[in-house]
Amino acid sequence: MQRLAGFVLIFISAISFGALPIFARFAYAAGADPITVLFLRFTAATLVMAVWMLARRIPLPRGQTLLGLMAMGAVGYVGQSMCYFNALLYASASLVSLLLYLYPVLVAGLAALFLKERLTKWSLAALALALVGATLTIGVVGGGKAAGIALSLGAAGIYSVYIVSGSRLMKIVPPIPASTVIMASAGVVYGGLVTVGGPQWPQSAQGWLAVGGIALVATVIAIVTFFAGLERVGPTAASTLSTLEPVTTVLLATVLLGERLGWLQLLGGGLILAAVIVLTRGEIEQAAVAAAGGGEAGGEQASDAASPGRVVYNSELFLTKSNTSPMWANARAVTVSAAP
């Protein structure tokens, strides 16, 4: 029953994250621009997360750790979210969402180049699937201009660099304070940009409801349910189930925005998602071998214990294993950074 509840929570999280670009498109239609939407998103989400931290008496990080998280939010998170939300002005929500999901494969490549991690047969297979999938998705584009495609790929690239460069810092920080600091830092930057350029507020009630949906549904609810589900099903299942996010976006965009993807684009998007699943399953095999070598057994939990630096793939969060403190002993994967 506990595991079933976990699957339901991850499913709710995936749907909530998948609705993000749909809410954004409705906010834009009501007269808001990406910078104003992002400022409102991070301001509202930070307030909610701060109340949660106060209620649970969770302390903020300090010293260099705090400065590092602030830099991740003010530079990496802002750059990634800026690309992602501007891409939605030039390309369909479906296309942007599918191209963003290239990032796990890009992370594998960057980790091999800069962190000297070995490329396994699973990683190479995922890279091949992602390359073919991206070629099909981009090569027959009917839902986006070149600028939209470039910004979507930029969002995936920046997020990949962000994950690789921040992974060591994130291993020592619990998820809730880390995500709160990162969102707050991004909110401060966007607040400055709104002050300089002037805000473009939504001009209708529907627009404000869309902004509320971005902040509360596609950010706070999505993050909270993801963590709650992660505690119950573990990072491997959470990563695999998170591939429902772009599927949700495609379905919602078809129903609510009238978007249509061709069969080749759908095939390309399917190959990109298959690449993520291949990466995840490869980590299971690799971790199981390590667990067996250390005398451990027991499926995914043994695998999780044997993979201290593993990334959990989710378009809005990345998590890596760390030394768990008593407060987070049940979470198992306890570091987070938010995007887009």
# chains A, B, ... in the order shown; residues from 1 in each chain; ligands from 1
>>> residues_around(residues="stretch 16-25 of chain A", least_positions_apart="3", cutoff="6 Å", atoms="only C-alpha atoms", output="ChimeraX atom specification")
/A:13,28,93,210,214,217-218,222,245-246,248-249
>>> residues_around(residues="stretch 34-50 of chain A", least_positions_apart="3", cutoff="6 Å", atoms="only C-alpha atoms", output="ChimeraX atom specification")
/A:53,85,180,183-184,187,190-191,199,215
>>> select_by_dssp(residues="stretch 40-282 of chain A", states="helix (DSSP H, G or I)", output="VMD selection string")
chain A and resid 40 to 56 63 to 90 93 to 100 103 to 114 121 to 139 146 to 170 175 to 197 205 to 233 235 to 241 244 to 256 263 to 282
>>> closest_residue(among="A:Ile12, A:Leu102, A:Leu266, A:Leu115", to="A:Ala128", atoms="only C-alpha atoms")
A:Leu102
>>> residues_around(residues="A:Ser165", least_positions_apart="4", cutoff="10 Å", atoms="only C-alpha atoms", output="VMD selection string")
chain A and resid 72 76 110 to 111 114 to 115 159 to 161 169 to 170
>>> atom_distance(atom1="atom CA of A:Glu117", atom2="atom CA of A:Leu273")
22.2 Å
>>> residues_around(residues="stretch 2-5 of chain A", least_positions_apart="5", cutoff="8 Å", atoms="only C-alpha atoms", output="list in words")
Gly229, Arg232 and Val233 of chain A
>>> write_last_selection(atoms="C-alpha atoms", output="short mmCIF file (atom, residue, chain, number, x, y, z; two decimals), in the first residue's frame")
data_model
loop_
_atom_site.label_atom_id
_atom_site.label_comp_id
_atom_site.auth_asym_id
_atom_site.auth_seq_id
_atom_site.Cartn_x
_atom_site.Cartn_y
_atom_site.Cartn_z
CA GLY A 229 6.54 9.72 -3.62
CA ARG A 232 7.99 5.44 -0.95
CA VAL A 233 9.19 4.14 -4.32
#
>>> atom_distance(atom1="atom CA of A:Ala87", atom2="atom CA of A:Ala134")
16.1 Å
>>> atom_distance(atom1="atom CA of A:Leu279", atom2="atom CA of A:Val105")
7.7 Å
>>> residues_around(residues="A:Gly68", least_positions_apart="6", cutoff="10 Å", atoms="only C-alpha atoms", output="count of residues only")
8
>>> residues_around(residues="A:Gly79", least_positions_apart="6", cutoff="10 Å", atoms="only C-alpha atoms", output="list in words")
Met72, Gly73, Gly154, Ala155, Ile158, Tyr159, Tyr162, Ala186, Ala339 and Pro340 of chain A
>>> write_last_selection(atoms="C-alpha atoms", output="PDB file, in the first residue's frame")
ATOM      1  CA  MET A  72      23.121  28.085  -8.683  1.00  0.00           C
ATOM      2  CA  GLY A  73      19.794  29.884  -8.481  1.00  0.00           C
ATOM      3  CA  GLY A 154      19.844  25.837 -24.770  1.00  0.00           C
ATOM      4  CA  ALA A 155      17.602  25.070 -21.796  1.00  0.00           C
ATOM      5  CA  ILE A 158      22.340  24.805 -19.456  1.00  0.00           C
ATOM      6  CA  TYR A 159      20.467  22.423 -17.165  1.00  0.00           C
ATOM      7  CA  TYR A 162      24.062  23.056 -14.016  1.00  0.00           C
ATOM      8  CA  ALA A 186      16.197  33.226  -8.965  1.00  0.00           C
ATOM      9  CA  ALA A 339      14.395  23.827 -13.098  1.00  0.00           C
ATOM     10  CA  PRO A 340      13.076  24.984 -15.467  1.00  0.00           C
TER      11      PRO A 340
END
>>> closest_residue(among="A:Ile10, A:Ala146, A:Val164, A:Leu99", to="A:Ala228", atoms="only C-alpha atoms")
A:Ile10
